[in-house]
$ cat structure-v5.cif   # mmCIF, C-alpha atoms and all ligand atoms
data_work
#
loop_
_atom_site.group_PDB
_atom_site.id
_atom_site.type_symbol
_atom_site.label_atom_id
_atom_site.label_comp_id
_atom_site.auth_asym_id
_atom_site.auth_seq_id
_atom_site.Cartn_x
_atom_site.Cartn_y
_atom_site.Cartn_z
ATOM 1 C CA MET A 1 -96.529 116.739 -77.120
ATOM 2 C CA LEU A 2 -94.113 117.956 -74.469
ATOM 3 C CA ILE A 3 -96.637 117.460 -71.652
ATOM 4 C CA GLN A 4 -97.279 113.926 -72.876
ATOM 5 C CA SER A 5 -93.603 112.981 -72.796
ATOM 6 C CA VAL A 6 -93.168 114.514 -69.351
ATOM 7 C CA SER A 7 -96.094 112.566 -67.915
ATOM 8 C CA ALA A 8 -94.889 109.387 -69.613
ATOM 9 C CA GLY A 9 -91.556 109.940 -67.853
ATOM 10 C CA MET A 10 -93.344 110.333 -64.558
ATOM 11 C CA THR A 11 -95.268 107.109 -65.080
ATOM 12 C CA GLU A 12 -92.018 105.329 -65.863
ATOM 13 C CA ILE A 13 -90.363 106.618 -62.692
ATOM 14 C CA ILE A 14 -93.350 105.626 -60.568
ATOM 15 C CA ASP A 15 -93.135 102.209 -62.199
ATOM 16 C CA VAL A 16 -89.422 101.896 -61.331
ATOM 17 C CA ALA A 17 -90.097 103.059 -57.754
ATOM 18 C CA THR A 18 -92.999 100.610 -57.359
ATOM 19 C CA ARG A 19 -90.960 97.661 -58.607
ATOM 20 C CA LEU A 20 -87.919 98.657 -56.551
ATOM 21 C CA VAL A 21 -89.869 98.985 -53.289
ATOM 22 C CA ALA A 22 -91.637 95.663 -53.959
ATOM 23 C CA ALA A 23 -88.240 94.024 -54.564
ATOM 24 C CA LEU A 24 -86.808 95.509 -51.355
ATOM 25 C CA ASN A 25 -89.816 94.233 -49.381
ATOM 26 C CA ALA A 26 -89.308 90.778 -50.891
ATOM 27 C CA MET A 27 -85.644 90.505 -49.893
ATOM 28 C CA PRO A 28 -84.612 87.638 -47.615
ATOM 29 C CA TYR A 29 -82.229 88.057 -44.703
ATOM 30 C CA TYR A 30 -78.644 89.130 -45.361
ATOM 31 C CA ARG A 31 -76.001 89.489 -42.728
ATOM 32 C CA ASN A 32 -74.696 92.883 -41.789
ATOM 33 C CA TYR A 33 -71.079 92.148 -42.609
ATOM 34 C CA ALA A 34 -69.293 89.871 -45.029
ATOM 35 C CA ALA A 35 -67.878 86.758 -43.385
ATOM 36 C CA ALA A 36 -64.252 87.235 -42.494
ATOM 37 C CA SER A 37 -63.135 83.968 -44.056
ATOM 38 C CA GLY A 38 -62.883 84.113 -47.809
ATOM 39 C CA ALA A 39 -66.518 84.941 -48.537
ATOM 40 C CA ALA A 40 -65.865 88.635 -49.080
ATOM 41 C CA HIS A 41 -67.122 88.490 -52.657
ATOM 42 C CA ASN A 42 -70.316 86.639 -51.946
ATOM 43 C CA ILE A 43 -73.381 88.771 -51.488
ATOM 44 C CA SER A 44 -73.394 88.371 -47.763
ATOM 45 C CA LYS A 45 -73.613 91.980 -46.797
ATOM 46 C CA HIS A 46 -77.053 93.443 -46.584
ATOM 47 C CA GLU A 47 -75.925 96.663 -48.252
ATOM 48 C CA ASP A 48 -74.451 94.721 -51.183
ATOM 49 C CA ALA A 49 -77.746 92.910 -51.660
ATOM 50 C CA ILE A 50 -79.589 96.240 -51.669
ATOM 51 C CA GLU A 51 -77.133 97.585 -54.237
ATOM 52 C CA VAL A 52 -77.821 94.581 -56.475
ATOM 53 C CA GLU A 53 -81.527 95.491 -56.371
ATOM 54 C CA LEU A 54 -80.747 99.097 -57.277
ATOM 55 C CA MET A 55 -78.701 97.954 -60.279
ATOM 56 C CA ARG A 56 -81.366 95.439 -61.296
ATOM 57 C CA HIS A 57 -83.827 98.291 -61.470
ATOM 58 C CA GLY A 58 -81.665 100.314 -63.819
ATOM 59 C CA LEU A 59 -79.802 102.570 -61.380
ATOM 60 C CA THR A 60 -76.064 103.120 -61.752
ATOM 61 C CA ALA A 61 -73.407 103.997 -59.201
ATOM 62 C CA TRP A 62 -72.328 107.624 -59.189
ATOM 63 C CA THR A 63 -69.180 109.158 -57.770
ATOM 64 C CA PRO A 64 -69.122 112.950 -57.552
ATOM 65 C CA LYS A 65 -66.096 114.692 -59.064
ATOM 66 C CA LYS A 66 -65.606 116.574 -55.832
ATOM 67 C CA LYS A 67 -66.240 114.704 -52.595
ATOM 68 C CA LEU A 68 -69.535 115.715 -51.006
ATOM 69 C CA SER A 69 -69.635 116.800 -47.383
ATOM 70 C CA LYS A 70 -72.126 115.153 -45.043
ATOM 71 C CA GLU A 71 -73.979 118.441 -44.872
ATOM 72 C CA GLN A 72 -74.311 118.488 -48.665
ATOM 73 C CA VAL A 73 -75.663 114.929 -48.713
ATOM 74 C CA TRP A 74 -78.185 115.630 -45.954
ATOM 75 C CA GLY A 75 -79.025 118.893 -47.717
ATOM 76 C CA PHE A 76 -79.865 116.970 -50.930
ATOM 77 C CA ILE A 77 -82.169 114.678 -48.941
ATOM 78 C CA ASP A 78 -83.905 117.612 -47.248
ATOM 79 C CA ALA A 79 -84.188 119.582 -50.490
ATOM 80 C CA PRO A 80 -84.069 117.107 -53.435
ATOM 81 C CA SER A 81 -84.154 119.843 -56.088
ATOM 82 C CA THR A 82 -80.693 121.007 -54.978
ATOM 83 C CA ALA A 83 -78.997 117.736 -56.019
ATOM 84 C CA THR A 84 -78.375 119.065 -59.502
ATOM 85 C CA ASP A 85 -74.985 117.417 -60.151
ATOM 86 C CA MET A 86 -76.302 113.953 -59.459
ATOM 87 C CA PRO A 87 -77.641 112.240 -62.585
ATOM 88 C CA PRO A 88 -81.169 110.776 -62.596
ATOM 89 C CA MET A 89 -81.373 107.001 -61.967
ATOM 90 C CA SER A 90 -78.149 106.950 -59.978
ATOM 91 C CA TYR A 91 -77.054 106.127 -56.451
ATOM 92 C CA MET A 92 -74.115 106.764 -54.208
ATOM 93 C CA VAL A 93 -72.926 104.148 -51.692
ATOM 94 C CA GLN A 94 -72.081 105.380 -48.186
ATOM 95 C CA PRO A 95 -72.327 109.049 -49.236
ATOM 96 C CA CYS A 96 -71.344 110.198 -45.714
ATOM 97 C CA GLY A 97 -68.674 107.557 -45.164
ATOM 98 C CA THR A 98 -69.005 104.211 -43.387
ATOM 99 C CA GLN A 99 -69.443 105.783 -39.945
ATOM 100 C CA ASP A 100 -72.452 107.882 -40.802
ATOM 101 C CA ASN A 101 -75.804 107.166 -42.415
ATOM 102 C CA PRO A 102 -77.488 106.784 -44.840
ATOM 103 C CA ASP A 103 -76.120 103.743 -46.686
ATOM 104 C CA PHE A 104 -77.320 105.100 -50.028
ATOM 105 C CA LEU A 105 -78.164 108.421 -51.583
ATOM 106 C CA ILE A 106 -80.584 107.713 -54.427
ATOM 107 C CA LYS A 107 -81.800 109.908 -57.258
ATOM 108 C CA LEU A 108 -84.576 108.571 -59.472
ATOM 109 C CA ALA A 109 -85.276 111.833 -61.322
ATOM 110 C CA ASP A 110 -84.819 115.568 -60.919
ATOM 111 C CA SER A 111 -86.194 116.523 -57.483
ATOM 112 C CA VAL A 112 -86.635 112.840 -56.576
ATOM 113 C CA VAL A 113 -83.784 112.228 -54.150
ATOM 114 C CA PHE A 114 -83.813 110.268 -50.909
ATOM 115 C CA GLY A 115 -81.656 108.494 -48.361
ATOM 116 C CA LEU A 116 -81.910 104.735 -47.949
ATOM 117 C CA GLU A 117 -80.657 102.969 -44.856
ATOM 118 C CA GLY A 118 -80.287 99.205 -44.569
ATOM 119 C CA LYS A 119 -80.797 97.479 -41.221
ATOM 120 C CA SER A 120 -80.100 93.823 -40.599
ATOM 121 C CA CYS A 121 -80.722 92.045 -37.291
ATOM 122 C CA ASP A 122 -81.169 88.618 -35.754
ATOM 123 C CA THR A 123 -84.387 89.741 -34.120
ATOM 124 C CA CYS A 124 -87.568 91.388 -35.406
ATOM 125 C CA THR A 125 -86.471 94.851 -34.244
ATOM 126 C CA PRO A 126 -83.733 96.929 -35.845
ATOM 127 C CA THR A 127 -81.090 98.538 -33.651
ATOM 128 C CA TYR A 128 -80.639 102.274 -34.059
ATOM 129 C CA ASN A 129 -78.251 102.870 -31.154
ATOM 130 C CA SER A 130 -76.521 106.239 -31.339
ATOM 131 C CA GLY A 131 -77.341 106.724 -35.012
ATOM 132 C CA GLY A 132 -80.941 107.493 -34.182
ATOM 133 C CA ILE A 133 -83.932 107.378 -36.498
ATOM 134 C CA THR A 134 -83.988 109.855 -39.366
ATOM 135 C CA GLN A 135 -87.406 111.282 -40.236
ATOM 136 C CA ASN A 136 -87.235 111.186 -44.031
ATOM 137 C CA TYR A 137 -85.031 108.152 -44.662
ATOM 138 C CA MET A 138 -86.375 105.049 -46.267
ATOM 139 C CA TYR A 139 -85.339 102.037 -44.193
ATOM 140 C CA VAL A 140 -85.014 98.471 -45.430
ATOM 141 C CA PHE A 141 -84.957 96.124 -42.484
ATOM 142 C CA CYS A 142 -84.275 92.396 -42.727
ATOM 143 C CA SER A 143 -84.447 89.927 -39.869
ATOM 144 C CA ARG A 144 -82.692 86.593 -39.539
ATOM 145 C CA LYS A 145 -85.575 85.291 -37.448
ATOM 146 C CA THR A 146 -88.174 85.821 -40.178
ATOM 147 C CA ASN A 147 -85.810 85.693 -43.187
ATOM 148 C CA LYS A 148 -87.895 88.585 -44.479
ATOM 149 C CA SER A 149 -87.644 92.311 -45.121
ATOM 150 C CA THR A 150 -89.886 95.287 -44.604
ATOM 151 C CA THR A 151 -89.587 98.950 -45.572
ATOM 152 C CA PHE A 152 -90.647 102.040 -43.665
ATOM 153 C CA LEU A 153 -89.931 105.724 -43.226
ATOM 154 C CA GLY A 154 -88.165 106.991 -40.125
ATOM 155 C CA ARG A 155 -91.072 109.308 -39.362
ATOM 156 C CA ASP A 156 -93.459 106.330 -39.135
ATOM 157 C CA ILE A 157 -91.377 104.966 -36.254
ATOM 158 C CA LEU A 158 -90.535 108.185 -34.423
ATOM 159 C CA SER A 159 -92.763 111.242 -34.719
ATOM 160 C CA LEU A 160 -91.212 114.648 -35.385
ATOM 161 C CA GLU A 161 -92.400 115.897 -31.982
ATOM 162 C CA ALA A 162 -90.793 112.946 -30.183
ATOM 163 C CA GLN A 163 -87.620 113.428 -32.246
ATOM 164 C CA ARG A 164 -87.459 117.078 -31.174
ATOM 165 C CA LEU A 165 -87.830 116.086 -27.543
ATOM 166 C CA ILE A 166 -84.954 113.611 -27.836
ATOM 167 C CA ASP A 167 -82.805 116.195 -29.652
ATOM 168 C CA GLU A 168 -83.438 118.736 -26.901
ATOM 169 C CA HIS A 169 -82.566 116.173 -24.268
ATOM 170 C CA ILE A 170 -79.301 115.284 -26.009
ATOM 171 C CA ALA A 171 -78.368 118.972 -26.297
ATOM 172 C CA GLU A 172 -79.054 119.481 -22.583
ATOM 173 C CA ALA A 173 -77.074 116.364 -21.658
ATOM 174 C CA ARG A 174 -74.115 117.586 -23.765
ATOM 175 C CA LYS A 175 -74.184 120.906 -21.950
ATOM 176 C CA ARG A 176 -74.193 119.134 -18.589
ATOM 177 C CA ASP A 177 -71.353 116.897 -19.827
ATOM 178 C CA GLU A 178 -69.252 119.996 -20.499
ATOM 179 C CA GLU A 179 -69.910 121.336 -17.006
ATOM 180 C CA LEU A 180 -69.011 117.991 -15.475
ATOM 181 C CA LYS A 181 -65.897 117.769 -17.631
ATOM 182 C CA ALA A 182 -64.655 121.130 -16.382
ATOM 183 C CA ARG A 183 -65.257 120.120 -12.764
ATOM 184 C CA LEU A 184 -63.549 116.757 -13.244
ATOM 185 C CA GLU A 185 -60.553 118.472 -14.808
ATOM 186 C CA ALA A 186 -60.269 120.762 -11.803
ATOM 187 C CA LEU A 187 -60.345 117.730 -9.484
ATOM 188 C CA ASP A 188 -57.839 115.653 -11.466
ATOM 189 C CA VAL A 189 -55.189 115.451 -8.715
ATOM 190 C CA ASN A 190 -53.947 112.172 -10.210
ATOM 191 C CA HIS A 191 -53.286 113.736 -13.609
ATOM 192 C CA ARG A 192 -55.142 110.948 -15.450
ATOM 193 C CA GLY A 193 -57.552 112.909 -17.579
ATOM 194 C CA VAL A 194 -60.539 110.790 -16.545
ATOM 195 C CA THR A 195 -63.624 112.368 -18.023
ATOM 196 C CA TYR A 196 -67.178 111.546 -19.061
ATOM 197 C CA TYR A 197 -69.574 111.972 -21.926
ATOM 198 C CA THR A 198 -73.174 110.953 -22.570
ATOM 199 C CA ARG A 199 -73.859 108.799 -25.594
ATOM 200 C CA PRO A 200 -77.374 108.652 -27.029
ATOM 201 C CA MET A 201 -78.934 105.194 -27.192
ATOM 202 C CA ILE A 202 -82.152 104.845 -29.137
ATOM 203 C CA ILE A 203 -84.044 101.682 -28.267
ATOM 204 C CA GLN A 204 -87.562 100.332 -28.588
ATOM 205 C CA GLN A 205 -89.361 98.502 -25.800
ATOM 206 C CA GLY A 206 -92.768 97.432 -24.548
ATOM 207 C CA GLY A 207 -92.912 93.916 -25.932
ATOM 208 C CA GLU A 208 -93.770 92.343 -29.292
ATOM 209 C CA THR A 209 -96.786 94.519 -30.044
ATOM 210 C CA TYR A 210 -94.511 97.548 -30.036
ATOM 211 C CA THR A 211 -91.245 96.139 -31.270
ATOM 212 C CA ASN A 212 -91.907 93.401 -33.817
ATOM 213 C CA TYR A 213 -91.677 95.103 -37.224
ATOM 214 C CA PHE A 214 -93.153 92.098 -39.022
ATOM 215 C CA THR A 215 -96.287 91.501 -36.952
ATOM 216 C CA HIS A 216 -96.884 95.165 -36.135
ATOM 217 C CA PRO A 217 -100.433 96.224 -37.097
ATOM 218 C CA LYS A 218 -99.002 99.235 -38.948
ATOM 219 C CA ARG A 219 -96.496 97.264 -41.027
ATOM 220 C CA GLU A 220 -98.556 97.357 -44.209
ATOM 221 C CA GLU A 221 -99.420 101.023 -43.736
ATOM 222 C CA CYS A 222 -95.713 101.796 -43.258
ATOM 223 C CA GLU A 223 -94.798 99.962 -46.459
ATOM 224 C CA GLN A 224 -97.527 101.833 -48.311
ATOM 225 C CA ASN A 225 -96.293 105.133 -46.878
ATOM 226 C CA VAL A 226 -92.879 104.479 -48.443
ATOM 227 C CA MET A 227 -94.529 104.298 -51.855
ATOM 228 C CA LYS A 228 -96.701 107.304 -51.051
ATOM 229 C CA PHE A 229 -93.599 109.287 -50.063
ATOM 230 C CA LEU A 230 -91.918 108.455 -53.366
ATOM 231 C CA THR A 231 -95.034 108.952 -55.484
ATOM 232 C CA GLU A 232 -95.661 112.368 -53.947
ATOM 233 C CA MET A 233 -92.042 113.375 -54.544
ATOM 234 C CA ILE A 234 -92.226 112.175 -58.152
ATOM 235 C CA ALA A 235 -95.554 113.943 -58.756
ATOM 236 C CA SER A 236 -94.242 117.234 -57.360
ATOM 237 C CA ALA A 237 -90.987 117.069 -59.345
HETATM 238 CA CA CA B 1 -76.870 100.288 -42.396
#
$ encode --input "structure-v5.cif" --output "structure tokens"
Amino acid sequence: MLIQSVSAGMTEIIDVATRLVAALNAMPYYRNYAAASGAAHNISKHEDAIEVELMRHGLTAWTPKKKLSKEQVWGFIDAPSTATDMPPMSYMVQPCGTQDNPDFLIKLADSVVFGLEGKSCDTCTPTYNSGGITQNYMYVFCSRKTNKSTTFLGRDILSLEAQRLIDEHIAEARKRDEELKARLEALDVNHRGVTYYTRPMIIQQGGETYTNYFTHPKREECEQNVMKFLTEMIASA
């Protein structure tokens, strides 16, 4: 009896996840930011449009009683079973504030927690800039050029090994920045405080076959991997 109800619950959650991912893949283009002139309440922001899909699929907004730190949010994503305060079928908008990703922290069921990041661009390639690509985030990318969306996991864009190499490089550059800073300070005869720091910039290049997320031969596989990621998390919950 108990086992039956548990597995029925699992089937239901897989069903919600399947419909949600299909809906996210079917989204048209939405701008990144609401238009400045009067249209603030239209669904012009990509994130708002994603939130509408979350609500449509039965999820409700959740605000923790005590503000979560970024480390707590990222900790929930890395270890979903630790997000015990968060109710099932809920989401949190900008859980790490507007300056840090992800855009949403989502919990479908106990131990089924993930970060969702929306990307909206004119072109067929999202811009990651200094934010980088996060291995286990689900990304929803929409392009003005195609008026279409596609979903993928960070790890299907950037491998863990490549990520580690970039991380190492950034750490080394920061160390060199500090050395340079100290030397510049010592040479600051003008008393102007001119200094320097390195800012990471994550880009993709190589032409269409590498950078177009809509015609990429692995697009379908990436979309399927999103579902696989969720299904495996749900099954192991
Ligand atoms: Ca975003």
$ closest_residue --input "structure-v5.cif" --among "A:Cys142, A:Ile170, A:Ile157, A:Val112" --to "ligand CA 1 (chain B)" --atoms "all atoms listed in the file"
A:Cys142
$ atom_distance --input "structure-v5.cif" --atom1 "CA of Ile133 (chain A)" --atom2 "CA of Leu20 (chain A)"
22.2 Å
$ residues_near_ligand --input "structure-v5.cif" --ligand "ligand CA 1 (chain B)" --cutoff "8 Å" --atoms "only C-alpha atoms and all ligand atoms" --output "list in words"
Asn32, Glu47, Asn101, Pro102, Asp103, Glu117, Gly118, Lys119 and Ser120 of chain A
$ residues_around --input "structure-v5.cif" --residues "Met86 (chain A)" --least-positions-apart "3" --cutoff "9 Å" --atoms "all atoms listed in the file" --output "list in words"
Trp62, Thr63, Pro64, Ala83, Met89, Ser90, Tyr91, Lys107 and Asp110 of chain A
$ closest_residue --input "structure-v5.cif" --among "A:Thr60, A:Asn190, A:Gln163, A:Asn147" --to "Ile202 (chain A)" --atoms "all atoms listed in the file"
A:Gln163
$ closest_residue --input "structure-v5.cif" --among "A:Ala173, A:Leu187, A:Leu108, A:Leu165" --to "Met10 (chain A)" --atoms "all atoms listed in the file"
A:Leu108
$ residues_around --input "structure-v5.cif" --residues "region 65-71 of chain A" --least-positions-apart "6" --cutoff "9 Å" --atoms "all atoms listed in the file" --output "compact mmCIF listing (two decimals) with C-alpha atoms, in the coordinates of the input"
# COMPACT_ATOMS: atom_id res chain seq x y z
CA PRO A 95 -72.33 109.05 -49.24
CA CYS A 96 -71.34 110.20 -45.71
CA GLY A 97 -68.67 107.56 -45.16
CA ASP A 100 -72.45 107.88 -40.80
$ axis_aligned_box --input "structure-v5.cif" --around "region 49-62 of chain A" --padding-each-side "3 Å" --output "JSON"
{"center_x": -78.1, "center_y": 100.3, "center_z": -57.7, "size_x": 17.5, "size_y": 20.7, "size_z": 18.2}
$ resolve_selection --input "structure-v5.cif" --expression "the PyMOL selection byres (((chain A and resi 230-232) around 12) and not hetatm)" --output "PyMOL selection string"
chain A and resi 10-18+20-21+80+106-109+111-116+136-138+152-153+223-229+233-237
$ resolve_selection --input "structure-v5.cif" --expression "the PyMOL selection byres (((chain A and resi 52) around 12) and not hetatm)" --output "number ranges by chain"
A: 20, 23-24, 27, 42-51, 53-61, 91, 93
$ atom_distance --input "structure-v5.cif" --atom1 "CA of Gly131 (chain A)" --atom2 "CA of Leu160 (chain A)"
16.0 Å
$ atom_distance --input "structure-v5.cif" --atom1 "CA of Ile166 (chain A)" --atom2 "CA of Gln135 (chain A)"
12.9 Å
$ build_atoms --input "structure-v5.cif" --residues "region 146-157 of chain A" --atoms "all heavy atoms" --output "compact mmCIF listing (two decimals), in the frame of the given file"
# COMPACT_ATOMS: atom_id res chain seq x y z
N THR A 146 -87.07 86.00 -39.23
CA THR A 146 -88.17 85.82 -40.18
C THR A 146 -87.67 85.52 -41.58
O THR A 146 -88.44 85.08 -42.43
CB THR A 146 -89.04 87.10 -40.27
OG1 THR A 146 -88.20 88.18 -40.68
CG2 THR A 146 -89.69 87.43 -38.93
N ASN A 147 -86.39 85.79 -41.84
CA ASN A 147 -85.81 85.69 -43.19
C ASN A 147 -86.61 86.54 -44.17
O ASN A 147 -86.82 86.18 -45.31
CB ASN A 147 -85.75 84.23 -43.65
CG ASN A 147 -84.84 84.08 -44.86
OD1 ASN A 147 -83.90 84.85 -45.05
ND2 ASN A 147 -85.14 83.10 -45.71
N LYS A 148 -87.08 87.68 -43.67
CA LYS A 148 -87.90 88.58 -44.48
C LYS A 148 -87.43 90.03 -44.31
O LYS A 148 -86.66 90.33 -43.40
CB LYS A 148 -89.36 88.49 -44.04
CG LYS A 148 -90.08 87.25 -44.58
CD LYS A 148 -91.53 87.30 -44.14
CE LYS A 148 -92.40 86.28 -44.85
NZ LYS A 148 -91.83 84.98 -45.08
N SER A 149 -87.95 90.88 -45.19
CA SER A 149 -87.64 92.31 -45.12
C SER A 149 -88.92 93.12 -45.06
O SER A 149 -89.98 92.66 -45.48
CB SER A 149 -86.85 92.75 -46.35
OG SER A 149 -85.58 92.15 -46.36
N THR A 150 -88.78 94.33 -44.58
CA THR A 150 -89.89 95.29 -44.60
C THR A 150 -89.30 96.68 -44.75
O THR A 150 -88.16 96.93 -44.34
CB THR A 150 -90.78 95.16 -43.34
OG1 THR A 150 -91.88 96.06 -43.45
CG2 THR A 150 -90.02 95.45 -42.05
N THR A 151 -90.06 97.57 -45.38
CA THR A 151 -89.59 98.95 -45.57
C THR A 151 -90.48 99.91 -44.78
O THR A 151 -91.66 99.63 -44.56
CB THR A 151 -89.61 99.35 -47.06
OG1 THR A 151 -90.91 99.11 -47.57
CG2 THR A 151 -88.58 98.60 -47.87
N PHE A 152 -89.89 101.02 -44.40
CA PHE A 152 -90.65 102.04 -43.66
C PHE A 152 -89.87 103.35 -43.70
O PHE A 152 -88.68 103.37 -44.03
CB PHE A 152 -90.89 101.59 -42.22
CG PHE A 152 -89.64 101.21 -41.47
CD1 PHE A 152 -88.91 102.14 -40.76
CD2 PHE A 152 -89.17 99.90 -41.52
CE1 PHE A 152 -87.74 101.79 -40.10
CE2 PHE A 152 -87.98 99.53 -40.86
CZ PHE A 152 -87.28 100.48 -40.14
N LEU A 153 -90.57 104.42 -43.34
CA LEU A 153 -89.93 105.72 -43.23
C LEU A 153 -89.60 105.97 -41.76
O LEU A 153 -90.36 105.55 -40.88
CB LEU A 153 -90.87 106.83 -43.72
CG LEU A 153 -91.34 106.72 -45.17
CD1 LEU A 153 -92.43 107.76 -45.43
CD2 LEU A 153 -90.17 106.93 -46.14
N GLY A 154 -88.53 106.68 -41.51
CA GLY A 154 -88.16 106.99 -40.12
C GLY A 154 -89.30 107.66 -39.36
O GLY A 154 -89.55 107.35 -38.20
N ARG A 155 -90.01 108.54 -40.05
CA ARG A 155 -91.07 109.31 -39.36
C ARG A 155 -92.27 108.44 -38.97
O ARG A 155 -93.09 108.87 -38.16
CB ARG A 155 -91.52 110.47 -40.25
CG ARG A 155 -92.19 110.05 -41.54
CD ARG A 155 -92.44 111.28 -42.39
NE ARG A 155 -93.16 110.93 -43.60
CZ ARG A 155 -93.04 111.58 -44.76
NH1 ARG A 155 -92.21 112.59 -44.87
NH2 ARG A 155 -93.73 111.23 -45.81
N ASP A 156 -92.38 107.23 -39.55
CA ASP A 156 -93.46 106.33 -39.14
C ASP A 156 -93.08 105.52 -37.89
O ASP A 156 -93.90 104.78 -37.35
CB ASP A 156 -93.84 105.39 -40.28
CG ASP A 156 -94.78 106.08 -41.27
OD1 ASP A 156 -95.41 107.07 -40.88
OD2 ASP A 156 -94.86 105.62 -42.42
N ILE A 157 -91.82 105.64 -37.47
CA ILE A 157 -91.38 104.97 -36.25
C ILE A 157 -91.31 105.98 -35.11
O ILE A 157 -91.76 105.74 -34.01
CB ILE A 157 -89.99 104.31 -36.45
CG1 ILE A 157 -90.00 103.37 -37.68
CG2 ILE A 157 -89.53 103.59 -35.18
CD1 ILE A 157 -91.00 102.23 -37.62
